[in-house]
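Listing of input19.txt; format and content: compact mmCIF, C-alpha atoms.
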# COMPACT_ATOMS: atom_id res chain seq x y z
CA LEU A 1 0.00 0.00 0.00
CA GLN A 2 2.82 2.40 0.85
CA ASN A 3 4.51 1.77 -2.48
CA VAL A 4 1.54 2.64 -4.70
CA ARG A 5 0.79 5.99 -3.03
CA ILE A 6 1.89 9.21 -4.73
CA ASP A 7 4.67 9.92 -2.28
CA PRO A 8 8.34 10.71 -3.04
CA SER A 9 9.35 7.80 -0.79
CA SER A 10 7.22 5.20 -2.62
CA ILE A 11 8.57 2.81 -5.25
CA SER A 12 5.98 3.84 -7.84
CA PHE A 13 6.58 7.60 -7.45
CA LYS A 14 9.49 7.73 -9.90
CA MET A 15 7.47 5.72 -12.42
CA TRP A 16 4.56 8.14 -11.98
CA LYS A 17 6.73 11.27 -12.24
CA ASP A 18 8.79 10.29 -15.28
CA ILE A 19 7.02 7.46 -17.04
CA PRO A 20 9.72 4.92 -18.00
CA VAL A 21 7.49 3.07 -20.46
CA PRO A 22 8.28 3.82 -24.13
CA PHE A 23 5.09 5.13 -25.71
CA TYR A 24 4.53 5.29 -29.46
CA MET A 25 1.93 7.20 -31.45
CA SER A 26 1.10 5.51 -34.76
CA MET A 27 -0.80 7.74 -37.20
CA TYR A 28 -2.85 6.49 -40.15
CA PHE A 29 -4.19 8.97 -42.73
CA PHE A 30 -7.09 8.50 -45.15
CA GLU A 31 -6.50 9.81 -48.67
CA VAL A 32 -9.55 10.68 -50.79
CA LEU A 33 -8.97 9.00 -54.16
CA ASN A 34 -11.91 10.62 -56.02
CA PRO A 35 -12.17 14.26 -54.84
CA LYS A 36 -13.67 15.56 -58.12
CA GLN A 37 -16.38 12.92 -58.08
CA VAL A 38 -17.16 13.64 -54.40
CA LEU A 39 -17.81 17.26 -55.36
CA GLN A 40 -20.42 15.94 -57.79
CA GLY A 41 -22.15 13.87 -55.11
CA ALA A 42 -20.28 10.57 -55.36
CA LYS A 43 -19.35 8.36 -52.40
CA PRO A 44 -15.81 9.09 -51.12
CA VAL A 45 -13.27 6.36 -51.86
CA LEU A 46 -10.57 6.20 -49.19
CA HIS A 47 -7.08 4.72 -49.04
CA GLN A 48 -5.22 4.34 -45.75
CA HIS A 49 -1.60 5.54 -45.49
CA GLY A 50 0.76 4.70 -42.66
CA PRO A 51 1.63 4.07 -40.01
CA TYR A 52 3.65 7.22 -39.37
CA VAL A 53 5.21 6.37 -36.02
CA TYR A 54 6.28 8.87 -33.35
CA ARG A 55 8.12 8.20 -30.11
CA GLU A 56 6.14 9.87 -27.35
CA PHE A 57 7.95 11.25 -24.32
CA ARG A 58 5.98 12.27 -21.22
CA TYR A 59 7.17 14.13 -18.19
CA LYS A 60 5.53 15.98 -15.31
CA THR A 61 6.30 19.49 -14.14
CA ASN A 62 4.86 21.87 -11.53
CA ILE A 63 4.34 18.97 -9.10
CA THR A 64 2.77 20.53 -6.01
CA PHE A 65 1.54 18.65 -2.94
CA HIS A 66 -1.42 20.11 -1.05
CA GLU A 67 -2.59 19.77 2.53
CA ASN A 68 -5.78 17.93 1.57
CA ASP A 69 -3.80 14.88 0.36
CA THR A 70 -3.86 15.88 -3.30
CA VAL A 71 -1.10 16.71 -5.74
CA SER A 72 -1.33 18.87 -8.86
CA PHE A 73 0.86 18.63 -11.96
CA LEU A 74 1.23 19.41 -15.64
CA GLU A 75 2.17 16.55 -17.93
CA TYR A 76 3.92 17.46 -21.17
CA ARG A 77 4.08 15.38 -24.33
CA LYS A 78 6.76 15.48 -26.99
CA LEU A 79 6.57 13.52 -30.25
CA ILE A 80 9.62 12.61 -32.35
CA PHE A 81 9.19 10.98 -35.77
CA GLN A 82 10.62 7.47 -36.12
CA PRO A 83 11.27 6.86 -39.85
CA GLU A 84 12.65 3.35 -39.28
CA LEU A 85 9.34 2.24 -37.73
CA SER A 86 7.11 4.05 -40.23
CA ASN A 87 5.61 3.07 -43.54
CA GLY A 88 6.07 6.46 -45.16
CA ARG A 89 7.67 9.86 -44.58
CA GLU A 90 6.40 13.16 -43.27
CA ASP A 91 6.90 14.70 -46.73
CA ASP A 92 4.44 12.24 -48.32
CA TYR A 93 1.65 14.09 -50.16
CA ILE A 94 -1.94 12.96 -49.70
CA VAL A 95 -5.29 14.39 -50.80
CA VAL A 96 -7.58 15.23 -47.88
CA PRO A 97 -10.50 17.60 -47.28
CA ASN A 98 -9.58 21.24 -46.86
CA ILE A 99 -10.36 20.94 -43.14
CA LEU A 100 -10.34 24.66 -42.40
CA MET A 101 -12.48 25.56 -45.41
CA MET A 102 -15.00 22.72 -45.16
CA GLY A 103 -15.29 23.13 -41.41
CA ALA A 104 -15.88 26.87 -41.73
CA ALA A 105 -18.51 26.29 -44.44
CA VAL A 106 -20.58 23.99 -42.21
CA MET A 107 -20.14 26.37 -39.25
CA MET A 108 -21.49 29.24 -41.40
CA GLU A 109 -24.41 27.29 -42.82
CA ASN A 110 -27.05 29.13 -40.78
CA LEU A 111 -25.52 32.59 -41.08
CA PRO A 112 -27.01 35.23 -43.42
CA THR A 113 -26.57 34.62 -47.14
CA PHE A 114 -24.38 37.70 -47.65
CA VAL A 115 -21.86 36.34 -45.10
CA LYS A 116 -21.61 33.08 -47.03
CA ILE A 117 -21.22 35.01 -50.28
CA LEU A 118 -18.34 36.95 -48.70
CA LEU A 119 -16.69 33.69 -47.67
CA SER A 120 -17.23 32.18 -51.10
CA GLY A 121 -15.62 35.23 -52.71
CA ALA A 122 -12.70 35.06 -50.31
CA LEU A 123 -12.22 31.37 -51.09
CA ALA A 124 -12.18 32.11 -54.82
CA GLY A 125 -9.69 34.95 -54.38
CA LEU A 126 -7.40 32.75 -52.29
CA GLN A 127 -7.84 29.83 -54.73
CA GLN A 128 -9.16 27.62 -51.95
CA GLU A 129 -10.76 24.33 -52.96
CA ALA A 130 -12.74 21.69 -51.06
CA PHE A 131 -9.85 19.23 -51.19
CA MET A 132 -6.14 19.89 -50.83
CA ASN A 133 -2.91 18.04 -51.56
CA ARG A 134 -0.67 18.45 -48.49
CA THR A 135 2.18 16.60 -46.85
CA VAL A 136 1.66 14.51 -43.75
CA GLY A 137 3.90 16.93 -41.84
CA GLU A 138 1.80 19.93 -42.92
CA ILE A 139 -1.49 18.25 -42.01
CA MET A 140 -0.15 17.34 -38.58
CA TRP A 141 2.08 20.23 -37.56
CA GLY A 142 0.57 23.08 -39.54
CA TYR A 143 0.90 25.20 -42.65
CA GLU A 144 0.46 28.89 -43.35
CA ASP A 145 -3.03 29.59 -44.64
CA PRO A 146 -4.29 33.10 -45.51
CA LEU A 147 -7.82 31.75 -45.09
CA ILE A 148 -7.38 32.11 -41.32
CA ASP A 149 -7.13 35.90 -41.60
CA ALA A 150 -9.97 36.01 -44.14
CA ILE A 151 -12.36 34.09 -41.86
CA ASN A 152 -11.39 36.24 -38.88
CA LYS A 153 -12.30 39.34 -40.90
CA ILE A 154 -15.62 37.97 -42.16
CA VAL A 155 -16.74 36.42 -38.83
CA PRO A 156 -14.52 37.79 -36.03
CA GLY A 157 -13.85 35.31 -33.26
CA MET A 158 -15.13 32.23 -35.08
CA ILE A 159 -11.65 30.69 -35.11
CA PRO A 160 -9.69 32.38 -32.30
CA PHE A 161 -6.19 31.51 -33.48
CA LYS A 162 -3.64 32.91 -35.91
CA GLY A 163 -0.68 31.66 -37.89
CA LYS A 164 -0.42 28.02 -38.88
CA PHE A 165 -3.28 25.56 -39.08
CA GLY A 166 -2.71 21.86 -38.42
CA ILE A 167 -4.55 19.04 -36.65
CA PHE A 168 -1.78 18.56 -34.06
CA VAL A 169 -0.21 22.02 -34.20
CA GLU A 170 -0.89 22.56 -30.47
CA PHE A 171 -0.32 18.96 -29.40
CA ASN A 172 3.47 18.64 -29.51
CA ASN A 173 5.42 20.07 -26.57
CA SER A 174 2.16 20.89 -24.83
CA ASN A 175 0.40 19.75 -21.68
CA SER A 176 -3.06 18.25 -21.22
CA GLY A 177 -4.15 20.69 -18.52
CA LEU A 178 -3.59 21.01 -14.79
CA PHE A 179 -4.62 17.78 -13.08
CA THR A 180 -5.10 17.57 -9.31
CA VAL A 181 -5.34 13.99 -8.07
CA ASN A 182 -5.52 12.18 -4.74
CA THR A 183 -2.24 10.91 -3.30
CA GLY A 184 -3.79 8.01 -1.38
CA MET A 185 -1.90 8.96 1.81
CA LYS A 186 -5.02 8.63 3.96
CA ASN A 187 -7.31 6.60 1.73
CA ILE A 188 -5.54 4.24 -0.65
CA SER A 189 -8.78 3.54 -2.53
CA GLU A 190 -8.71 7.17 -3.76
CA VAL A 191 -5.11 7.21 -5.04
CA HIS A 192 -4.79 8.70 -8.57
CA MET A 193 -8.49 9.66 -8.62
CA VAL A 194 -8.98 13.11 -10.16
CA ASP A 195 -9.96 15.84 -7.72
CA SER A 196 -10.10 18.56 -10.40
CA TRP A 197 -8.89 19.40 -13.90
CA ASN A 198 -7.87 23.00 -14.61
CA GLY A 199 -9.53 23.82 -11.32
CA LEU A 200 -12.87 22.35 -12.43
CA LYS A 201 -14.84 19.64 -10.66
CA GLU A 202 -16.86 19.17 -13.85
CA VAL A 203 -16.74 20.49 -17.42
CA ASP A 204 -19.43 22.46 -19.21
CA TYR A 205 -19.15 21.06 -22.74
CA TRP A 206 -22.20 18.80 -22.54
CA ARG A 207 -25.90 18.98 -21.83
CA SER A 208 -26.27 16.81 -18.73
CA PRO A 209 -24.58 16.67 -15.32
CA GLY A 210 -23.64 13.03 -15.86
CA CYS A 211 -21.82 13.70 -19.12
CA ASN A 212 -20.01 16.71 -17.62
CA MET A 213 -18.64 14.74 -14.66
CA ILE A 214 -14.88 14.26 -14.32
CA ASN A 215 -14.63 10.62 -13.28
CA GLY A 216 -11.80 8.22 -12.53
CA THR A 217 -8.09 8.89 -12.85
CA ALA A 218 -5.92 10.81 -15.32
CA GLY A 219 -5.48 7.57 -17.26
CA GLU A 220 -2.02 6.61 -16.00
CA MET A 221 -2.63 4.43 -12.93
CA TRP A 222 -5.61 3.26 -10.88
CA PRO A 223 -6.20 2.40 -7.20
CA PRO A 224 -4.90 -1.03 -6.11
CA PHE A 225 -6.97 -4.17 -5.51
CA MET A 226 -9.01 -3.70 -8.67
CA SER A 227 -12.18 -5.69 -9.22
CA PRO A 228 -12.99 -7.23 -12.63
CA THR A 229 -15.76 -4.75 -13.41
CA SER A 230 -14.78 -1.42 -14.98
CA LEU A 231 -12.36 1.50 -14.80
CA ASP A 232 -12.84 5.22 -15.47
CA PHE A 233 -10.52 7.98 -16.64
CA TYR A 234 -10.86 11.57 -17.83
CA SER A 235 -9.54 12.33 -21.33
CA PRO A 236 -8.88 16.02 -22.10
CA ASP A 237 -8.43 15.10 -25.79
CA ALA A 238 -11.96 13.65 -25.92
CA CYS A 239 -13.27 16.33 -23.51
CA ARG A 240 -15.03 13.70 -21.41
CA SER A 241 -14.71 10.86 -18.97
CA MET A 242 -14.59 7.35 -20.40
CA ARG A 243 -15.47 4.01 -18.86
CA LEU A 244 -13.82 0.78 -20.00
CA VAL A 245 -15.25 -2.60 -19.00
CA TYR A 246 -13.59 -5.84 -17.94
CA GLU A 247 -13.18 -8.38 -20.73
CA GLN A 248 -10.88 -11.14 -19.46
CA SER A 249 -8.00 -12.08 -17.16
CA GLY A 250 -4.61 -12.85 -18.60
CA LYS A 251 -0.88 -12.42 -18.21
CA PHE A 252 1.63 -10.00 -19.68
CA GLN A 253 5.18 -11.35 -19.60
CA GLY A 254 4.17 -13.52 -16.66
CA VAL A 255 2.46 -10.71 -14.72
CA PRO A 256 -1.29 -11.25 -14.01
CA THR A 257 -3.53 -8.67 -15.67
CA TYR A 258 -7.13 -7.65 -16.17
CA ARG A 259 -7.98 -6.56 -19.71
CA PHE A 260 -10.40 -3.64 -20.03
CA VAL A 261 -11.98 -2.64 -23.35
CA ALA A 262 -14.44 -0.07 -24.67
CA PRO A 263 -18.09 -1.13 -24.47
CA LYS A 264 -20.26 -0.75 -27.55
CA THR A 265 -22.10 2.01 -25.70
CA LEU A 266 -19.01 4.28 -25.42
CA PHE A 267 -19.90 6.33 -28.51
CA ALA A 268 -23.54 5.26 -28.81
CA ASN A 269 -26.13 7.96 -29.42
CA GLY A 270 -28.85 8.89 -26.95
CA THR A 271 -31.43 6.70 -28.68
CA ASP A 272 -29.39 3.52 -28.35
CA TYR A 273 -27.99 4.44 -24.91
CA PRO A 274 -30.00 7.10 -23.02
CA PRO A 275 -27.16 8.14 -20.61
CA ASN A 276 -25.31 9.48 -23.67
CA GLU A 277 -28.13 11.87 -24.55
CA GLY A 278 -26.13 14.63 -22.86
CA PHE A 279 -23.42 14.30 -25.54
CA CYS A 280 -25.92 15.10 -28.29
CA PRO A 281 -26.89 16.55 -30.77
CA CYS A 282 -26.09 13.08 -32.04
CA MET A 283 -26.06 11.37 -35.39
CA GLN A 284 -25.66 7.61 -35.82
CA SER A 285 -24.31 5.45 -33.00
CA GLY A 286 -20.56 4.97 -33.02
CA ILE A 287 -19.49 8.60 -33.41
CA GLN A 288 -19.42 11.39 -30.88
CA ASN A 289 -19.88 15.04 -31.73
CA VAL A 290 -17.01 16.98 -30.11
CA SER A 291 -17.78 20.33 -31.77
CA SER A 292 -18.72 21.86 -28.41
CA CYS A 293 -15.11 21.57 -27.23
CA ARG A 294 -13.47 22.11 -30.64
CA LEU A 295 -14.45 25.70 -31.46
CA ASN A 296 -17.82 24.45 -32.81
CA ALA A 297 -16.05 22.82 -35.77
CA PRO A 298 -18.01 19.82 -37.15
CA MET A 299 -15.62 17.22 -35.71
CA PHE A 300 -16.48 13.71 -34.52
CA ILE A 301 -14.48 11.01 -32.78
CA SER A 302 -15.00 7.27 -33.16
CA HIS A 303 -13.21 3.97 -33.13
CA PRO A 304 -10.94 3.44 -36.18
CA HIS A 305 -12.68 2.40 -39.41
CA PHE A 306 -16.03 2.98 -37.63
CA TYR A 307 -15.51 -0.21 -35.61
CA ASN A 308 -18.61 -0.89 -33.45
CA ALA A 309 -20.50 1.90 -35.24
CA ASP A 310 -23.78 2.02 -37.13
CA PRO A 311 -23.29 0.29 -40.53
CA VAL A 312 -24.75 3.39 -42.20
CA LEU A 313 -21.51 5.25 -41.47
CA LEU A 314 -19.44 2.50 -43.06
CA ASP A 315 -21.69 2.30 -46.12
CA ALA A 316 -21.33 6.05 -46.78
CA VAL A 317 -17.66 5.63 -47.79
CA GLU A 318 -15.50 3.01 -49.45
CA GLY A 319 -12.17 1.66 -48.26
CA LEU A 320 -12.81 0.96 -44.56
CA HIS A 321 -12.42 -2.52 -43.08
CA PRO A 322 -13.13 -2.57 -39.33
CA ASN A 323 -12.00 -5.49 -37.20
CA LYS A 324 -11.41 -6.04 -33.51
CA ASP A 325 -7.74 -7.03 -33.66
CA GLN A 326 -6.64 -3.86 -35.45
CA HIS A 327 -9.16 -1.27 -34.31
CA ALA A 328 -10.36 -2.08 -30.78
CA LEU A 329 -8.66 -0.37 -27.84
CA PHE A 330 -7.56 -2.22 -24.72
CA LEU A 331 -5.82 -1.69 -21.40
CA ASP A 332 -4.07 -4.50 -19.48
CA VAL A 333 -3.75 -3.57 -15.80
CA HIS A 334 -2.07 -5.38 -12.91
CA PRO A 335 -5.06 -5.66 -10.55
CA LEU A 336 -3.07 -5.73 -7.32
CA THR A 337 -1.32 -2.37 -7.92
CA GLY A 338 -3.53 -0.70 -10.54
CA ILE A 339 -0.50 -0.15 -12.80
CA PRO A 340 -1.03 -0.64 -16.59
CA MET A 341 1.30 -3.23 -18.07
CA ASN A 342 0.27 -2.97 -21.72
CA CYS A 343 -2.11 -0.66 -23.57
CA SER A 344 -3.23 0.48 -26.98
CA ILE A 345 -5.64 3.42 -27.08
CA LYS A 346 -7.11 4.00 -30.54
CA LEU A 347 -9.33 6.81 -31.78
CA GLN A 348 -10.38 8.17 -35.16
CA LEU A 349 -10.92 11.84 -36.06
CA ASN A 350 -13.70 12.60 -38.54
CA LEU A 351 -14.97 15.71 -40.30
CA TYR A 352 -18.61 16.24 -41.22
CA ILE A 353 -18.78 17.65 -44.75
CA LYS A 354 -21.73 18.63 -46.92
CA GLN A 355 -22.94 21.04 -49.59
CA VAL A 356 -23.57 24.46 -48.08
CA SER A 357 -25.90 26.76 -49.98
CA GLY A 358 -24.19 30.00 -51.01
CA ILE A 359 -20.65 28.57 -50.87
CA ILE A 360 -19.96 27.28 -54.36
CA GLN A 361 -16.72 25.53 -53.41
CA THR A 362 -18.71 22.83 -51.58
CA GLY A 363 -20.21 21.69 -54.89
CA ARG A 364 -22.85 19.00 -54.54
CA ILE A 365 -21.15 17.09 -51.71
CA LYS A 366 -23.56 14.74 -50.02
CA PRO A 367 -23.60 14.92 -46.19
CA VAL A 368 -21.05 12.44 -44.87
CA VAL A 369 -18.92 11.91 -41.77
CA LEU A 370 -15.53 11.59 -43.48
CA PRO A 371 -12.63 9.88 -41.66
CA LEU A 372 -9.47 12.01 -41.66
CA LEU A 373 -7.05 9.89 -39.64
CA TRP A 374 -6.80 7.48 -36.75
CA PHE A 375 -4.09 6.91 -34.23
CA ALA A 376 -2.95 4.21 -31.84
CA GLU A 377 -1.18 5.35 -28.67
CA SER A 378 0.54 2.26 -27.29
CA GLY A 379 3.09 1.29 -24.68
CA SER A 380 4.11 -1.60 -22.44
CA ILE A 381 6.36 -2.11 -19.45
CA GLU A 382 9.61 -3.77 -20.55
CA GLY A 383 13.31 -4.17 -19.79
CA SER A 384 14.61 -3.54 -16.28
CA VAL A 385 11.29 -2.05 -15.15
CA LEU A 386 9.46 -5.22 -16.16
CA LYS A 387 12.10 -7.38 -14.47
CA GLN A 388 11.80 -5.40 -11.23
CA PHE A 389 8.01 -5.51 -11.45
CA TYR A 390 7.97 -9.27 -12.02
CA THR A 391 10.47 -9.94 -9.24
CA SER A 392 8.72 -7.75 -6.64
CA LEU A 393 5.11 -8.55 -7.45
CA VAL A 394 5.16 -12.06 -8.90
CA LEU A 395 8.32 -14.02 -8.10
CA ILE A 396 8.88 -13.04 -4.45
CA PRO A 397 5.19 -13.41 -3.46
CA SER A 398 5.14 -16.82 -5.16
CA LEU A 399 8.28 -17.90 -3.31
CA LEU A 400 6.81 -16.72 -0.01
CA ASP A 401 3.63 -18.59 -0.81
CA TYR A 402 5.54 -21.80 -1.45
CA LEU A 403 7.68 -21.17 1.62
CA GLN A 404 4.70 -21.06 3.94
CA TYR A 405 3.54 -24.46 2.68
CA ILE A 406 7.07 -25.85 3.15
CA CYS A 407 7.14 -24.50 6.67
CA LEU A 408 3.70 -25.94 7.28
CA GLY A 409 4.85 -29.29 5.92
CA LEU A 410 7.92 -29.29 8.16
CA SER A 411 5.91 -28.23 11.20
CA VAL A 412 3.52 -31.19 11.07
CA PRO A 413 6.17 -33.84 11.97
CA LEU A 414 7.52 -31.55 14.68
CA ILE A 415 4.08 -31.17 16.21
CA ILE A 416 3.52 -34.93 16.10
CA SER A 417 6.94 -35.58 17.65
CA ALA A 418 6.24 -33.06 20.39
CA ALA A 419 2.90 -34.71 21.12
CA VAL A 420 4.52 -38.16 21.30
CA LEU A 421 7.20 -36.93 23.66
CA MET A 422 4.62 -35.32 25.90
CA ALA A 423 2.60 -38.54 25.99
CA MET A 424 5.66 -40.59 26.86
CA SER A 425 6.65 -38.22 29.64
CA GLN A 426 3.26 -38.64 31.21
The structure in this file should be written as structure tokens.
Amino acid sequence: LQNVRIDPSSISFKMWKDIPVPFYMSMYFFEVLNPKQVLQGAKPVLHQHGPYVYREFRYKTNITFHENDTVSFLEYRKLIFQPELSNGREDDYIVVPNILMMGAAVMMENLPTFVKILLSGALAGLQQEAFMNRTVGEIMWGYEDPLIDAINKIVPGMIPFKGKFGIFVEFNNSNSGLFTVNTGMKNISEVHMVDSWNGLKEVDYWRSPGCNMINGTAGEMWPPFMSPTSLDFYSPDACRSMRLVYEQSGKFQGVPTYRFVAPKTLFANGTDYPPNEGFCPCMQSGIQNVSSCRLNAPMFISHPHFYNADPVLLDAVEGLHPNKDQHALFLDVHPLTGIPMNCSIKLQLNLYIKQVSGIIQTGRIKPVVLPLLWFAESGSIEGSVLKQFYTSLVLIPSLLDYLQYICLGLSVPLIISAAVLMAMSQ
């Protein structure tokens, strides 16, 4: 119990502070093979590129212990491209939706016609089209786009950022917010449980108290003595708490584990799973609208290749092939300590595109939730850390277990001998 608390004297503290597990982020991009036909109303045909693999380094700063048995911290992430592990290079060109343009068009759909005409004129003047041919590096880390200034002039404040635009432009060398979690010093069952995030006890992105709750841990470790039921964690990237459910018991490199996976209800809509009604307005089950925490952009998250989603989403595009082995997420946790041994968290980012009246660049695009990319964030305990873990938590307890039976076995003849001697003395 002492060694799983968040305390500088505990064995797990160093692992918690500077995670020794090598994490990798594998990115897969979807290229649109028929952009001209899509503009005429055809079904998008997709081709997956990747993986583009990045080594992910995590480290905590601003670690501050508080009198109420909590500790606050910022955790930073840094990604470094690994060409030897990748199937492609960052300078690969792929055709994808013009995310900024198509997103802005849908966001402006209900604005006055003259505003949309202004945007359409600006798009023509800047030679902006519905689809663009960009490098993987530009899509991820950003590119200069004069459209940002144009949109800010037409609708001030709609996209409150300047400079480069990229899906992960603010992800690298950034933190995921100020977490304050329980140390477990007084109550070990509360260790790692989130007390607040950015000073908030709950978020305000969603439409129900249940959906706005910040539940579970920060997703790194869990309280010890886990039961084979479920585990919760708060994900700033998804803007919500998530609950994984127990699937099966197993072993990782000889260490006992519980495997937790995403239930089919994780991204279900409010019709199929009423507790998720607070995440709506919803579309089909299997995708979650995250526009409320993404500047109102028409963005959705899902499992990769629409795994576990409504078949309608899969039928709206070509080129997706969902299967459990490749696209389901999992977390293998040592139940005694609550420490993850092996994990692979997978999510897909999607953009809702459609024809918008008054903006000619959107052509006759049929409404579709179009996959942009998916990623797998994976890591497992290995090397000296695994050896120490196995020795301390598997080997030594097993030896002690055997030893007690040996001692018990040796004690039986001694007890019998003592009884015989006592009887003879009498």
Would you tabulate, counting all atoms listed in the file, all residues of range 40-108 of chain A that have an atom at most 10 Å from an atom of range 192-202 of chain A, showing the closest pair of atoms and their distance in Å to one decimal, sorted by chain then ascending number, as a Markdown table?
| residue | atom | partner | partner_atom | distance |
| --- | --- | --- | --- | --- |
| A:Thr70 | CA | A:Asp195 | CA | 7.5 |
| A:Val71 | CA | A:Asp195 | CA | 9.1 |
| A:Ser72 | CA | A:Ser196 | CA | 8.9 |
| A:Phe73 | CA | A:Trp197 | CA | 10.0 |
| A:Leu74 | CA | A:Asn198 | CA | 9.8 |
So which one's closest to Glu247 in chain A, A:Ser235, A:Asn296, A:Gln288, A:Ser227? Using all atoms listed in the file, please.
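Closest to Glu247 in chain A, using all atoms listed in the file: A:Ser227.
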Write out as number ranges by chain which residues come within 12 Å of Thr64 in chain A when counting only C-alpha atoms, dropping same-chain ones fewer than 4 positions away.
A: 6-8, 17, 60, 68-74, 178-183
Work out how far apart CA of Ile214 in chain A and CA of Cys239 in chain A are and give it in Å to one decimal.
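CA of Ile214 in chain A sits 9.6 Å away from CA of Cys239 in chain A.
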Give me the range 96-196 of chain A side of the contact with range 357-381 of chain A, cut-off 7 Å, one line per residue showing its nearest atom pair and distance in Å at one decimal, counting only C-alpha atoms, sorted by chain and residue number, as CSV.
residue,atom,partner,partner_atom,distance
A:Thr113,CA,A:Gly358,CA,6.5
A:Lys116,CA,A:Gly358,CA,5.7
A:Ile117,CA,A:Gly358,CA,5.9
A:Ser120,CA,A:Ile359,CA,5.0
A:Glu129,CA,A:Gln361,CA,6.1
A:Ala130,CA,A:Gln361,CA,6.0
Output for the residues just chosen: C-alpha atoms as a compact mmCIF listing (two decimals), in the frame of the given file:
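Result saved to out-v7.txt:
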# COMPACT_ATOMS: atom_id res chain seq x y z
CA THR A 113 -26.57 34.62 -47.14
CA LYS A 116 -21.61 33.08 -47.03
CA ILE A 117 -21.22 35.01 -50.28
CA SER A 120 -17.23 32.18 -51.10
CA GLU A 129 -10.76 24.33 -52.96
CA ALA A 130 -12.74 21.69 -51.06
In Å, how far is it from CA of Gly216 in chain A to CA of Ile339 in chain A?
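Spanning CA of Gly216 in chain A to CA of Ile339 in chain A is a straight-line distance of 14.1 Å.
Shortest separation to Glu382 in chain A among A:Leu331, A:Met341, A:Leu295, A:Val312 occurs at residue A:Met341, atoms counted being all atoms listed in the file.
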Could you tell me how far CA of Arg294 in chain A sits from CA of Asp91 in chain A, in Å to one decimal place?
27.0 Å
Show me, as number ranges by chain, the residues that have an atom within 12 Å of Gln128 in chain A when counting only C-alpha atoms, minus same-chain residues fewer than 5 positions from it.
A: 97-102, 119-123, 133, 145-148, 150, 359-362
Within 12 Å of (-8.3, 28.7, -29.5), only C-alpha atoms: residues as a ChimeraX atom specification?
/A:157-163,165,169-170,293-297
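When all atoms listed in the file are used to compute distances to Leu118 in chain A, the closest of the residues A:Ala42, A:Ile151, A:Ile63, A:Ile94 turns out to be A:Ile151.
Between Phe225 in chain A and the residues A:Asn289, A:Val333, A:Gln355, A:Pro275, the shortest atom-to-atom distance, using only C-alpha atoms, involves A:Val333.
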Please determine, counting all atoms listed in the file, which residue among A:Asn350, A:Thr271, A:Ser241, A:Gln82 has the shortest atom-to-atom distance to Ile301 in chain A.
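Closest to Ile301 in chain A of all the choices is A:Asn350.
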Determine, counting all atoms listed in the file, which protein, DNA and RNA residues have an atom within 6 Å of an atom of range 302-309 of chain A; residues of the same chain fewer than 3 positions away are not included. Present the result as a PDB file with C-alpha atoms, in the frame of the given file.
ATOM      1  CA  SER A 285     -24.310   5.450 -33.000  1.00  0.00           C
ATOM      2  CA  GLY A 286     -20.560   4.970 -33.020  1.00  0.00           C
ATOM      3  CA  ILE A 287     -19.490   8.600 -33.410  1.00  0.00           C
ATOM      4  CA  LEU A 320     -12.810   0.960 -44.560  1.00  0.00           C
ATOM      5  CA  PRO A 322     -13.130  -2.570 -39.330  1.00  0.00           C
ATOM      6  CA  HIS A 327      -9.160  -1.270 -34.310  1.00  0.00           C
ATOM      7  CA  LEU A 347      -9.330   6.810 -31.780  1.00  0.00           C
ATOM      8  CA  GLN A 348     -10.380   8.170 -35.160  1.00  0.00           C
ATOM      9  CA  TRP A 374      -6.800   7.480 -36.750  1.00  0.00           C
TER      10      TRP A 374
END
Could you give me, as a list of chain:residue names, the residues within 9 Å of Gly88 in chain A, counting all atoms listed in the file and dropping anything in the same chain fewer than 2 positions from it?
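Neighbouring residues, sequence-local ones excluded: A:His49, A:Gly50, A:Pro51, A:Tyr52, A:Pro83, A:Ser86, A:Glu90, A:Asp91, A:Asp92.
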If you count only C-alpha atoms, which residues fall within 8 Å of Gln48 in chain A, apart from same-chain ones fewer than 3 positions away, as an NGL selection string?
:A and (28-31 or 319)
Neighbourhood query: residues within 9 Å of (0.3, 22.8, -23.7), file coordinates, counting all atoms listed in the file; return as a VMD selection string.
chain A and resid 74 to 77 170 to 177
Could you please take those selected residues and save C-alpha atoms as a JSON list (two decimals), in the frame of the given file?
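result22.json, freshly written:
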[["chain", "number", "residue", "atom", "x", "y", "z"],
["A", 74, "LEU", "CA", 1.23, 19.41, -15.64],
["A", 75, "GLU", "CA", 2.17, 16.55, -17.93],
["A", 76, "TYR", "CA", 3.92, 17.46, -21.17],
["A", 77, "ARG", "CA", 4.08, 15.38, -24.33],
["A", 170, "GLU", "CA", -0.89, 22.56, -30.47],
["A", 171, "PHE", "CA", -0.32, 18.96, -29.40],
["A", 172, "ASN", "CA", 3.47, 18.64, -29.51],
["A", 173, "ASN", "CA", 5.42, 20.07, -26.57],
["A", 174, "SER", "CA", 2.16, 20.89, -24.83],
["A", 175, "ASN", "CA", 0.40, 19.75, -21.68],
["A", 176, "SER", "CA", -3.06, 18.25, -21.22],
["A", 177, "GLY", "CA", -4.15, 20.69, -18.52]]
